[in-house]
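Asks: Input: one structure, supplied below.
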Amino acid sequence: MNTINPAAIIYGHTIQVECPATVANLVCGFDILGMALNHPQDIMEMTLTDKPGIRITHTDGYDLPSDPAQNVAGAALLDLLQAADISIGIDLSITKMIKPGSGLGSSAASSAGAVVAANHLLGNPFSKEDLVRFAMAGEKVASGVKHADNITPCILGGVTLIRSIFPLDIVQLSAPQMYVTVVHPQIEVRTSDARQILRKEVLLKDAIKQWGNIAGLVAGFLKNDYGLISRSLEDVIIEPVRSMLIPGFDEVKSRSKEAGALGGGISGSGPSIFMLSQHADTAETIATIMQEIYTSLGIDFKTYVTTLNNQGVKIL
Ligand code: HSE
């Protein structure tokens with residue numbers, strides 16, 4: 001168990017943290033790959049007090065639970081406090097810029113930001129791996145399962161591989177400079193539903209294709225090989241099922257690739273779609289294409305053109 005040095009605890013001082021959006025799965029790496037983005041980011045404020053209990057407020061107008069056990073940030077903090085074995089008070093204010101249910105790691109940003117902030121105010125007793133474990137309690141509240149492919153890049157930054165959750169085995173991957181274009185069509189896709197519709201068995205021939213792509217994508221990142229990254233951004237297992245939930249998906253994908261995208265697909269469980277590009281002007285062109293497609297479909301949307309965030313949750 002981690003011991004807390006009572007003298008290191010910072011009471012009464014409010015800190016602010018920035019918590020990046022994340023793209024989980026990275027097309028072929030369902031539940032094991034993810035990357036952090038520079039935009040959008042949530043903002044949280046945290047203060048420790050000697051009045052026990054976790055008090056959560058939202059300044060963003062989203063109707064999210066404030067009961068700590070039902071709130072993703074609260075559930076993660078409860079796990080952290082249990083491991084710390086201390087009774088203190090936490091006041092947490094959350095301003096969400098990452099819309100819940102967008103597929104951009106909104107719940108992960110809340111739980112990751114909360115545990116990073118608390119760890120800082122407690123004098124950093126926990127490792128980053130510990131923090132990933134605590135934050136997974138938030139993902140359980142959000143989607144019913146513990147998965148770490150949003151939380152890990154949110155805490156560590158960059159591109160990450162979860163080789164295993166139990167026991168936790170995280171690999172931080174280097175990656176070349178890339179631009180990320182995201183469109184968030186304003187339709188609702190719940191992660192729990194998007195998981196429920198998946199087939200439980202895969203054909204061996206599909207598995208072989210998928211693990212070839214995962215290995216190729218990881219090698220492409222490590223070798224800065226854009227061609228290999230592009231060839232490996234293919235998902236023969238999850239995307240054919242989930243893409244049916246997202247109007248315009250096939251057109252976004254085909255027109256983005258025609259415009260020069262390396263490739264892309266569903267961000268996490270959707271409905272957001274992301275595309276990677278080697279060059280900034282390609283990423284901007286793709287945003288225009290996405291805007292045209294959703295305007296013609298009559299579906300409200302938001303687009304982002306951004307880059308990889310290499311820092312993860314940042315204490316301001
Ligand atoms: N890997 C998860 C999924 C991410 O695709 O269901 C959910 O945010």
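Just remember, in the structure tokens the first chain shown is A, the second B, etc., residues are 1-based per chain, and ligands are 1-based in the order shown.
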Between chain A and ligand 1, at 8 Å or less, what are the per-residue closest atom pairs and their distances in Å? Count only C-alpha atoms and all ligand atoms, order by chain and rising residue number, and return it as a Markdown table.

Replies:
```
| residue | atom | partner | partner_atom_place_in_ligand_line | distance |
| --- | --- | --- | --- | --- |
| A:Val23 | CA | ligand 1 | 8 (O) | 7.9 |
| A:Ala24 | CA | ligand 1 | 4 (C) | 5.3 |
| A:Asn25 | CA | ligand 1 | 1 (N) | 5.5 |
| A:Phe30 | CA | ligand 1 | 1 (N) | 5.2 |
| A:Asp31 | CA | ligand 1 | 1 (N) | 3.7 |
| A:Ile32 | CA | ligand 1 | 1 (N) | 7.1 |
| A:Gly103 | CA | ligand 1 | 8 (O) | 5.7 |
| A:Leu104 | CA | ligand 1 | 8 (O) | 7.1 |
| A:Gly105 | CA | ligand 1 | 8 (O) | 5.7 |
| A:Ser143 | CA | ligand 1 | 7 (C) | 7.7 |
| A:His147 | CA | ligand 1 | 1 (N) | 6.6 |
| A:Ala148 | CA | ligand 1 | 1 (N) | 7.8 |
| A:Asp149 | CA | ligand 1 | 1 (N) | 6.0 |
| A:Asn150 | CA | ligand 1 | 8 (O) | 6.4 |
| A:Thr191 | CA | ligand 1 | 6 (O) | 5.7 |
| A:Ser192 | CA | ligand 1 | 6 (O) | 7.4 |
| A:Ala194 | CA | ligand 1 | 6 (O) | 6.6 |
| A:Arg195 | CA | ligand 1 | 6 (O) | 5.5 |
| A:Ser267 | CA | ligand 1 | 5 (O) | 7.8 |
| A:Gly268 | CA | ligand 1 | 4 (C) | 4.2 |
| A:Ser269 | CA | ligand 1 | 5 (O) | 4.2 |
| A:Gly270 | CA | ligand 1 | 8 (O) | 7.8 |
```

Asks: Keeping N, CA, C and O atoms for every residue in the selection just given, could you write it to a file as a short mmCIF file (atom, residue, chain, number, x, y, z; two decimals), in the first residue's frame?

Replies:
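Result file follows (part-v3.cif):
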```cif
data_model
loop_
_atom_site.label_atom_id
_atom_site.label_comp_id
_atom_site.auth_asym_id
_atom_site.auth_seq_id
_atom_site.Cartn_x
_atom_site.Cartn_y
_atom_site.Cartn_z
N VAL A 23 -8.57 9.47 -28.64
CA VAL A 23 -9.16 8.60 -29.65
C VAL A 23 -8.77 7.17 -29.28
O VAL A 23 -7.59 6.83 -29.32
N ALA A 24 -9.75 6.37 -28.89
CA ALA A 24 -9.46 4.98 -28.52
C ALA A 24 -9.57 4.10 -29.75
O ALA A 24 -10.22 4.44 -30.73
N ASN A 25 -8.92 2.98 -29.68
CA ASN A 25 -8.93 1.89 -30.68
C ASN A 25 -7.97 2.14 -31.86
O ASN A 25 -7.36 1.21 -32.35
N PHE A 30 -8.88 -2.42 -31.09
CA PHE A 30 -10.02 -2.33 -30.17
C PHE A 30 -9.59 -2.62 -28.73
O PHE A 30 -9.02 -3.68 -28.44
N ASP A 31 -9.83 -1.64 -27.86
CA ASP A 31 -9.56 -1.73 -26.42
C ASP A 31 -8.07 -1.73 -26.06
O ASP A 31 -7.74 -1.88 -24.88
N ILE A 32 -7.17 -1.64 -27.05
CA ILE A 32 -5.74 -1.71 -26.69
C ILE A 32 -4.91 -0.50 -27.15
O ILE A 32 -3.83 -0.28 -26.62
N GLY A 103 -17.52 9.94 -28.12
CA GLY A 103 -16.51 8.99 -28.60
C GLY A 103 -15.12 9.58 -28.52
O GLY A 103 -14.17 9.04 -29.09
N LEU A 104 -14.99 10.71 -27.82
CA LEU A 104 -13.68 11.36 -27.71
C LEU A 104 -13.12 11.26 -26.29
O LEU A 104 -12.34 12.11 -25.85
N GLY A 105 -13.54 10.25 -25.57
CA GLY A 105 -12.95 10.00 -24.25
C GLY A 105 -13.39 11.00 -23.20
O GLY A 105 -12.60 11.38 -22.33
N SER A 143 -19.35 2.79 -18.83
CA SER A 143 -19.70 1.85 -19.91
C SER A 143 -19.91 0.42 -19.42
O SER A 143 -20.17 -0.46 -20.23
N HIS A 147 -11.99 -0.46 -19.18
CA HIS A 147 -11.06 -0.47 -20.30
C HIS A 147 -10.18 0.76 -20.15
O HIS A 147 -10.56 1.76 -19.55
N ALA A 148 -8.96 0.68 -20.67
CA ALA A 148 -7.97 1.72 -20.36
C ALA A 148 -7.45 2.42 -21.60
O ALA A 148 -6.49 3.18 -21.53
N ASP A 149 -8.10 2.19 -22.75
CA ASP A 149 -7.52 2.73 -23.98
C ASP A 149 -7.77 4.22 -24.17
O ASP A 149 -7.13 4.85 -25.02
N ASN A 150 -8.69 4.82 -23.41
CA ASN A 150 -8.79 6.29 -23.37
C ASN A 150 -7.99 6.85 -22.20
O ASN A 150 -7.31 7.88 -22.32
N THR A 191 -21.74 4.05 -25.46
CA THR A 191 -20.66 3.05 -25.52
C THR A 191 -21.19 1.67 -25.17
O THR A 191 -20.84 0.67 -25.81
N SER A 192 -22.07 1.62 -24.15
CA SER A 192 -22.56 0.29 -23.74
C SER A 192 -23.33 -0.36 -24.89
O SER A 192 -23.17 -1.56 -25.16
N ALA A 194 -22.90 0.33 -28.12
CA ALA A 194 -21.94 0.06 -29.21
C ALA A 194 -21.08 -1.15 -28.89
O ALA A 194 -20.44 -1.72 -29.78
N ARG A 195 -21.01 -1.54 -27.64
CA ARG A 195 -20.28 -2.76 -27.27
C ARG A 195 -21.19 -3.99 -27.37
O ARG A 195 -20.77 -5.06 -27.76
N SER A 267 -13.93 6.98 -33.86
CA SER A 267 -13.16 7.34 -32.67
C SER A 267 -13.81 6.65 -31.47
O SER A 267 -14.98 6.92 -31.16
N GLY A 268 -13.09 5.77 -30.83
CA GLY A 268 -13.66 5.00 -29.71
C GLY A 268 -14.89 4.26 -30.19
O GLY A 268 -14.88 3.59 -31.23
N SER A 269 -16.00 4.43 -29.45
CA SER A 269 -17.22 3.73 -29.84
C SER A 269 -18.13 4.63 -30.68
O SER A 269 -19.27 4.30 -30.93
N GLY A 270 -17.61 5.80 -31.10
CA GLY A 270 -18.37 6.70 -31.94
C GLY A 270 -19.27 7.61 -31.12
O GLY A 270 -19.31 7.49 -29.90
#
```

Asks: Name the residues in contact with Asn213 (chain A) at a cut-off of 8 Å, using only C-alpha atoms, excluding same-chain residues fewer than 2 positions from it; report them as an mmCIF file with C-alpha atoms, in the first residue's frame.

Replies:
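File produced: part.cif:
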```
data_model
loop_
_atom_site.group_PDB
_atom_site.id
_atom_site.type_symbol
_atom_site.label_atom_id
_atom_site.label_comp_id
_atom_site.auth_asym_id
_atom_site.auth_seq_id
_atom_site.Cartn_x
_atom_site.Cartn_y
_atom_site.Cartn_z
ATOM 1 C CA CYS A 28 -7.689 -1.820 -35.631
ATOM 2 C CA LYS A 209 -5.869 -9.668 -40.839
ATOM 3 C CA GLN A 210 -6.525 -7.697 -37.668
ATOM 4 C CA TRP A 211 -3.369 -8.683 -35.818
ATOM 5 C CA ALA A 215 1.408 -5.040 -35.545
ATOM 6 C CA GLY A 216 1.831 -2.954 -38.721
ATOM 7 C CA LEU A 217 0.356 0.137 -37.082
ATOM 8 C CA ARG A 231 -1.887 0.521 -44.877
ATOM 9 C CA SER A 232 -2.522 -0.682 -41.325
ATOM 10 C CA LEU A 233 -5.460 1.625 -40.542
ATOM 11 C CA GLU A 234 -8.013 -1.055 -41.362
ATOM 12 C CA ASP A 235 -10.509 -2.764 -39.059
#
```

Asks: Nearest residue to Ile293 (chain A) out of A:Cys19, A:Ile238, A:Leu262, A:Val252, using only C-alpha atoms?

Replies: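 Among the listed residues, the smallest separation from Ile293 (chain A) belongs to A:Val252.
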
Asks: With DSSP run on the backbone, what are the strand (DSSP E) residues within region 209-286 of chain A? I'd like them as a PyMOL selection string.

Replies: chain A and resi 263-266+273-277

Asks: Would you write out those residues with all heavy atoms, as a PDB file, in the first residue's frame?

Replies:
```pdb
ATOM      1  N   GLY A 263      -5.593   7.658 -43.249  1.00  0.00           N
ATOM      2  CA  GLY A 263      -6.659   6.718 -42.933  1.00  0.00           C
ATOM      3  C   GLY A 263      -7.291   7.148 -41.636  1.00  0.00           C
ATOM      4  O   GLY A 263      -6.907   8.166 -41.044  1.00  0.00           O
ATOM      5  N   GLY A 264      -8.259   6.378 -41.179  1.00  0.00           N
ATOM      6  CA  GLY A 264      -8.947   6.724 -39.940  1.00  0.00           C
ATOM      7  C   GLY A 264     -10.180   5.874 -39.809  1.00  0.00           C
ATOM      8  O   GLY A 264     -10.356   4.906 -40.565  1.00  0.00           O
ATOM      9  N   GLY A 265     -11.037   6.228 -38.887  1.00  0.00           N
ATOM     10  CA  GLY A 265     -12.239   5.428 -38.673  1.00  0.00           C
ATOM     11  C   GLY A 265     -13.028   5.981 -37.506  1.00  0.00           C
ATOM     12  O   GLY A 265     -12.947   7.175 -37.189  1.00  0.00           O
ATOM     13  N   ILE A 266     -13.726   5.093 -36.820  1.00  0.00           N
ATOM     14  CA  ILE A 266     -14.563   5.508 -35.691  1.00  0.00           C
ATOM     15  C   ILE A 266     -13.652   5.855 -34.520  1.00  0.00           C
ATOM     16  O   ILE A 266     -12.716   5.114 -34.207  1.00  0.00           O
ATOM     17  CB  ILE A 266     -15.519   4.362 -35.286  1.00  0.00           C
ATOM     18  CG1 ILE A 266     -16.358   3.922 -36.484  1.00  0.00           C
ATOM     19  CG2 ILE A 266     -16.402   4.785 -34.118  1.00  0.00           C
ATOM     20  CD1 ILE A 266     -17.159   2.641 -36.237  1.00  0.00           C
ATOM     21  N   ILE A 273     -15.769  10.572 -35.838  1.00  0.00           N
ATOM     22  CA  ILE A 273     -14.901   9.905 -36.811  1.00  0.00           C
ATOM     23  C   ILE A 273     -13.609  10.712 -36.862  1.00  0.00           C
ATOM     24  O   ILE A 273     -13.649  11.949 -36.847  1.00  0.00           O
ATOM     25  CB  ILE A 273     -15.548   9.906 -38.215  1.00  0.00           C
ATOM     26  CG1 ILE A 273     -16.952   9.294 -38.160  1.00  0.00           C
ATOM     27  CG2 ILE A 273     -14.670   9.168 -39.227  1.00  0.00           C
ATOM     28  CD1 ILE A 273     -17.751   9.478 -39.464  1.00  0.00           C
ATOM     29  N   PHE A 274     -12.466  10.028 -36.873  1.00  0.00           N
ATOM     30  CA  PHE A 274     -11.192  10.755 -36.944  1.00  0.00           C
ATOM     31  C   PHE A 274     -10.432  10.313 -38.177  1.00  0.00           C
ATOM     32  O   PHE A 274     -10.575   9.176 -38.649  1.00  0.00           O
ATOM     33  CB  PHE A 274     -10.345  10.518 -35.677  1.00  0.00           C
ATOM     34  CG  PHE A 274      -9.635   9.192 -35.688  1.00  0.00           C
ATOM     35  CD1 PHE A 274      -8.261   9.120 -35.965  1.00  0.00           C
ATOM     36  CD2 PHE A 274     -10.316   8.012 -35.468  1.00  0.00           C
ATOM     37  CE1 PHE A 274      -7.601   7.903 -36.002  1.00  0.00           C
ATOM     38  CE2 PHE A 274      -9.664   6.794 -35.509  1.00  0.00           C
ATOM     39  CZ  PHE A 274      -8.307   6.731 -35.773  1.00  0.00           C
ATOM     40  N   MET A 275      -9.627  11.227 -38.704  1.00  0.00           N
ATOM     41  CA  MET A 275      -8.755  10.926 -39.844  1.00  0.00           C
ATOM     42  C   MET A 275      -7.363  11.459 -39.536  1.00  0.00           C
ATOM     43  O   MET A 275      -7.228  12.575 -39.011  1.00  0.00           O
ATOM     44  CB  MET A 275      -9.280  11.609 -41.116  1.00  0.00           C
ATOM     45  CG  MET A 275     -10.540  10.983 -41.657  1.00  0.00           C
ATOM     46  SD  MET A 275     -10.215   9.365 -42.397  1.00  0.00           S
ATOM     47  CE  MET A 275     -11.794   8.563 -42.089  1.00  0.00           C
ATOM     48  N   LEU A 276      -6.342  10.686 -39.839  1.00  0.00           N
ATOM     49  CA  LEU A 276      -4.955  11.114 -39.630  1.00  0.00           C
ATOM     50  C   LEU A 276      -4.390  11.603 -40.962  1.00  0.00           C
ATOM     51  O   LEU A 276      -4.660  11.011 -42.011  1.00  0.00           O
ATOM     52  CB  LEU A 276      -4.104   9.945 -39.133  1.00  0.00           C
ATOM     53  CG  LEU A 276      -4.501   9.326 -37.800  1.00  0.00           C
ATOM     54  CD1 LEU A 276      -3.580   8.160 -37.456  1.00  0.00           C
ATOM     55  CD2 LEU A 276      -4.461  10.368 -36.690  1.00  0.00           C
ATOM     56  N   SER A 277      -3.586  12.660 -40.888  1.00  0.00           N
ATOM     57  CA  SER A 277      -2.919  13.189 -42.091  1.00  0.00           C
ATOM     58  C   SER A 277      -1.483  13.519 -41.756  1.00  0.00           C
ATOM     59  O   SER A 277      -1.155  13.878 -40.620  1.00  0.00           O
ATOM     60  CB  SER A 277      -3.594  14.473 -42.575  1.00  0.00           C
ATOM     61  OG  SER A 277      -4.941  14.251 -42.853  1.00  0.00           O
TER      62      SER A 277
END
```

Asks: Neighbours of Thr14 (chain A) within 12 Å (only C-alpha atoms; same-chain residues fewer than 2 positions away dropped), as a tab-separated table (two decimals) with N, CA, C and O atoms, in the first residue's frame?

Replies:
```tsv
chain	number	residue	atom	x	y	z
A	10	ILE	N	-1.56	19.03	0.33
A	10	ILE	CA	-1.80	20.47	0.12
A	10	ILE	C	-3.29	20.74	0.33
A	10	ILE	O	-4.12	20.39	-0.52
A	11	TYR	N	-3.65	21.33	1.46
A	11	TYR	CA	-5.05	21.67	1.74
A	11	TYR	C	-5.32	23.12	1.35
A	11	TYR	O	-4.43	23.98	1.46
A	12	GLY	N	-6.54	23.36	0.90
A	12	GLY	CA	-7.02	24.74	0.76
A	12	GLY	C	-6.49	25.49	-0.46
A	12	GLY	O	-6.83	26.65	-0.66
A	16	GLN	N	-5.86	23.84	-11.09
A	16	GLN	CA	-6.62	23.65	-12.32
A	16	GLN	C	-5.89	22.63	-13.18
A	16	GLN	O	-4.65	22.68	-13.26
A	17	VAL	N	-6.61	21.71	-13.77
A	17	VAL	CA	-5.97	20.76	-14.69
A	17	VAL	C	-6.69	20.77	-16.03
A	17	VAL	O	-7.89	21.00	-16.11
A	44	MET	N	-10.66	21.17	-15.11
A	44	MET	CA	-11.18	20.83	-13.77
A	44	MET	C	-10.47	21.66	-12.72
A	44	MET	O	-9.29	21.97	-12.90
A	45	GLU	N	-11.16	21.92	-11.63
A	45	GLU	CA	-10.53	22.58	-10.49
A	45	GLU	C	-10.72	21.71	-9.27
A	45	GLU	O	-11.82	21.18	-9.06
A	46	MET	N	-9.67	21.56	-8.49
A	46	MET	CA	-9.77	20.70	-7.30
A	46	MET	C	-9.14	21.38	-6.09
A	46	MET	O	-8.09	22.01	-6.20
A	47	THR	N	-9.82	21.19	-4.96
A	47	THR	CA	-9.30	21.69	-3.68
A	47	THR	C	-9.47	20.58	-2.65
A	47	THR	O	-10.52	19.93	-2.60
A	48	LEU	N	-8.46	20.34	-1.83
A	48	LEU	CA	-8.59	19.39	-0.72
A	48	LEU	C	-8.98	20.17	0.53
A	48	LEU	O	-8.49	21.28	0.77
A	49	THR	N	-9.87	19.54	1.32
A	49	THR	CA	-10.28	20.17	2.58
A	49	THR	C	-10.23	19.11	3.68
A	49	THR	O	-10.05	17.91	3.39
A	90	ILE	N	-12.71	16.39	-0.82
A	90	ILE	CA	-12.29	16.84	-2.15
A	90	ILE	C	-13.43	17.66	-2.76
A	90	ILE	O	-14.56	17.17	-2.88
A	91	ASP	N	-13.12	18.88	-3.12
A	91	ASP	CA	-14.09	19.70	-3.87
A	91	ASP	C	-13.62	19.73	-5.31
A	91	ASP	O	-12.48	20.13	-5.59
A	92	LEU	N	-14.50	19.31	-6.21
A	92	LEU	CA	-14.12	19.19	-7.61
A	92	LEU	C	-15.13	19.93	-8.48
A	92	LEU	O	-16.34	19.69	-8.37
A	93	SER	N	-14.63	20.78	-9.33
A	93	SER	CA	-15.50	21.49	-10.27
A	93	SER	C	-15.07	21.11	-11.68
A	93	SER	O	-13.88	21.16	-12.01
A	117	ALA	N	-5.08	15.16	-10.53
A	117	ALA	CA	-5.14	16.34	-9.65
A	117	ALA	C	-5.01	15.91	-8.17
A	117	ALA	O	-4.24	16.51	-7.41
A	118	ALA	N	-5.76	14.87	-7.79
A	118	ALA	CA	-5.72	14.43	-6.39
A	118	ALA	C	-4.33	13.93	-6.02
A	118	ALA	O	-3.83	14.23	-4.91
A	120	HIS	N	-1.51	14.88	-7.21
A	120	HIS	CA	-0.64	16.05	-7.06
A	120	HIS	C	-0.85	16.68	-5.68
A	120	HIS	O	0.12	16.97	-4.96
A	121	LEU	N	-2.11	16.85	-5.30
A	121	LEU	CA	-2.39	17.53	-4.02
A	121	LEU	C	-2.04	16.66	-2.81
A	121	LEU	O	-1.86	17.16	-1.71
A	315	ILE	N	-1.25	19.90	-15.20
A	315	ILE	CA	-1.59	20.77	-14.07
A	315	ILE	C	-1.16	22.18	-14.44
A	315	ILE	O	0.00	22.41	-14.78
A	316	LEU	N	-2.12	23.11	-14.43
A	316	LEU	CA	-1.81	24.47	-14.92
A	316	LEU	C	-1.16	25.31	-13.82
A	316	LEU	O	-1.31	25.06	-12.65
```

Asks: Could I get the residues of region 116-208 of chain A with an atom no further than 8 Å from an atom of region 64-77 of chain A, each paired with its nearest atom pair and that distance in Å to one decimal, using only C-alpha atoms, sorted by chain and residue number, as JSON lines?

Replies:
```
{"residue": "A:Ala118", "atom": "CA", "partner": "A:Leu77", "partner_atom": "CA", "distance": 7.7}
{"residue": "A:Phe134", "atom": "CA", "partner": "A:Ala76", "partner_atom": "CA", "distance": 5.0}
{"residue": "A:Ala135", "atom": "CA", "partner": "A:Ala76", "partner_atom": "CA", "distance": 4.7}
{"residue": "A:Met136", "atom": "CA", "partner": "A:Ala76", "partner_atom": "CA", "distance": 6.9}
{"residue": "A:Ala137", "atom": "CA", "partner": "A:Ala76", "partner_atom": "CA", "distance": 5.2}
{"residue": "A:Gly138", "atom": "CA", "partner": "A:Val72", "partner_atom": "CA", "distance": 3.9}
{"residue": "A:Glu139", "atom": "CA", "partner": "A:Val72", "partner_atom": "CA", "distance": 6.6}
{"residue": "A:Val141", "atom": "CA", "partner": "A:Val72", "partner_atom": "CA", "distance": 5.9}
{"residue": "A:Ala142", "atom": "CA", "partner": "A:Val72", "partner_atom": "CA", "distance": 6.4}
```

Asks: Got time to write the residues from that selection, all heavy atoms, as a PDB file, in the first residue's frame?

Replies:
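After the write, result.pdb holds the following:
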```pdb
ATOM      1  N   ALA A 118      -5.762  14.868  -7.795  1.00  0.00           N
ATOM      2  CA  ALA A 118      -5.725  14.428  -6.391  1.00  0.00           C
ATOM      3  C   ALA A 118      -4.334  13.933  -6.018  1.00  0.00           C
ATOM      4  O   ALA A 118      -3.828  14.235  -4.913  1.00  0.00           O
ATOM      5  CB  ALA A 118      -6.770  13.326  -6.169  1.00  0.00           C
ATOM      6  N   PHE A 134      -6.983   3.437 -10.943  1.00  0.00           N
ATOM      7  CA  PHE A 134      -8.084   4.142 -10.262  1.00  0.00           C
ATOM      8  C   PHE A 134      -9.071   4.697 -11.293  1.00  0.00           C
ATOM      9  O   PHE A 134     -10.285   4.596 -11.124  1.00  0.00           O
ATOM     10  CB  PHE A 134      -7.559   5.311  -9.414  1.00  0.00           C
ATOM     11  CG  PHE A 134      -6.546   4.912  -8.371  1.00  0.00           C
ATOM     12  CD1 PHE A 134      -5.461   5.742  -8.080  1.00  0.00           C
ATOM     13  CD2 PHE A 134      -6.678   3.725  -7.663  1.00  0.00           C
ATOM     14  CE1 PHE A 134      -4.527   5.391  -7.125  1.00  0.00           C
ATOM     15  CE2 PHE A 134      -5.740   3.360  -6.714  1.00  0.00           C
ATOM     16  CZ  PHE A 134      -4.658   4.193  -6.438  1.00  0.00           C
ATOM     17  N   ALA A 135      -8.530   5.296 -12.343  1.00  0.00           N
ATOM     18  CA  ALA A 135      -9.408   5.948 -13.333  1.00  0.00           C
ATOM     19  C   ALA A 135     -10.284   4.930 -14.057  1.00  0.00           C
ATOM     20  O   ALA A 135     -11.378   5.264 -14.514  1.00  0.00           O
ATOM     21  CB  ALA A 135      -8.568   6.754 -14.326  1.00  0.00           C
ATOM     22  N   MET A 136      -9.829   3.682 -14.132  1.00  0.00           N
ATOM     23  CA  MET A 136     -10.650   2.658 -14.798  1.00  0.00           C
ATOM     24  C   MET A 136     -11.974   2.436 -14.061  1.00  0.00           C
ATOM     25  O   MET A 136     -12.963   2.007 -14.672  1.00  0.00           O
ATOM     26  CB  MET A 136      -9.887   1.341 -14.908  1.00  0.00           C
ATOM     27  CG  MET A 136      -8.998   1.286 -16.139  1.00  0.00           C
ATOM     28  SD  MET A 136      -8.550  -0.391 -16.579  1.00  0.00           S
ATOM     29  CE  MET A 136      -7.435  -0.840 -15.282  1.00  0.00           C
ATOM     30  N   ALA A 137     -12.001   2.742 -12.766  1.00  0.00           N
ATOM     31  CA  ALA A 137     -13.272   2.619 -12.024  1.00  0.00           C
ATOM     32  C   ALA A 137     -14.303   3.572 -12.628  1.00  0.00           C
ATOM     33  O   ALA A 137     -15.507   3.279 -12.639  1.00  0.00           O
ATOM     34  CB  ALA A 137     -13.052   2.930 -10.542  1.00  0.00           C
ATOM     35  N   GLY A 138     -13.836   4.714 -13.131  1.00  0.00           N
ATOM     36  CA  GLY A 138     -14.736   5.658 -13.794  1.00  0.00           C
ATOM     37  C   GLY A 138     -15.273   5.085 -15.090  1.00  0.00           C
ATOM     38  O   GLY A 138     -16.463   5.227 -15.404  1.00  0.00           O
ATOM     39  N   GLU A 139     -14.422   4.408 -15.855  1.00  0.00           N
ATOM     40  CA  GLU A 139     -14.869   3.807 -17.121  1.00  0.00           C
ATOM     41  C   GLU A 139     -15.904   2.715 -16.859  1.00  0.00           C
ATOM     42  O   GLU A 139     -16.823   2.520 -17.647  1.00  0.00           O
ATOM     43  CB  GLU A 139     -13.683   3.216 -17.902  1.00  0.00           C
ATOM     44  CG  GLU A 139     -12.723   4.263 -18.455  1.00  0.00           C
ATOM     45  CD  GLU A 139     -13.359   5.180 -19.489  1.00  0.00           C
ATOM     46  OE1 GLU A 139     -14.362   5.822 -19.147  1.00  0.00           O
ATOM     47  OE2 GLU A 139     -12.849   5.276 -20.612  1.00  0.00           O
ATOM     48  N   VAL A 141     -18.113   2.790 -14.486  1.00  0.00           N
ATOM     49  CA  VAL A 141     -19.385   3.490 -14.269  1.00  0.00           C
ATOM     50  C   VAL A 141     -19.967   3.937 -15.620  1.00  0.00           C
ATOM     51  O   VAL A 141     -21.166   3.823 -15.869  1.00  0.00           O
ATOM     52  CB  VAL A 141     -19.173   4.724 -13.348  1.00  0.00           C
ATOM     53  CG1 VAL A 141     -20.392   5.631 -13.342  1.00  0.00           C
ATOM     54  CG2 VAL A 141     -18.840   4.275 -11.933  1.00  0.00           C
ATOM     55  N   ALA A 142     -19.089   4.413 -16.509  1.00  0.00           N
ATOM     56  CA  ALA A 142     -19.564   4.975 -17.783  1.00  0.00           C
ATOM     57  C   ALA A 142     -20.071   3.911 -18.745  1.00  0.00           C
ATOM     58  O   ALA A 142     -21.083   4.100 -19.410  1.00  0.00           O
ATOM     59  CB  ALA A 142     -18.450   5.772 -18.449  1.00  0.00           C
TER      60      ALA A 142
END
```

Asks: Listing only residues of region 212-242 of chain A within 12 Å of region 162-171 of chain A, what is the closest atom pair and its distance in Å (to one decimal) for each, using only C-alpha atoms, sorted by chain and residue number ascending, as JSON lines?

Replies:
```
{"residue": "A:Ile214", "atom": "CA", "partner": "A:Arg163", "partner_atom": "CA", "distance": 11.6}
{"residue": "A:Ala215", "atom": "CA", "partner": "A:Arg163", "partner_atom": "CA", "distance": 12.0}
{"residue": "A:Val218", "atom": "CA", "partner": "A:Val171", "partner_atom": "CA", "distance": 10.6}
{"residue": "A:Leu222", "atom": "CA", "partner": "A:Val171", "partner_atom": "CA", "distance": 11.8}
```
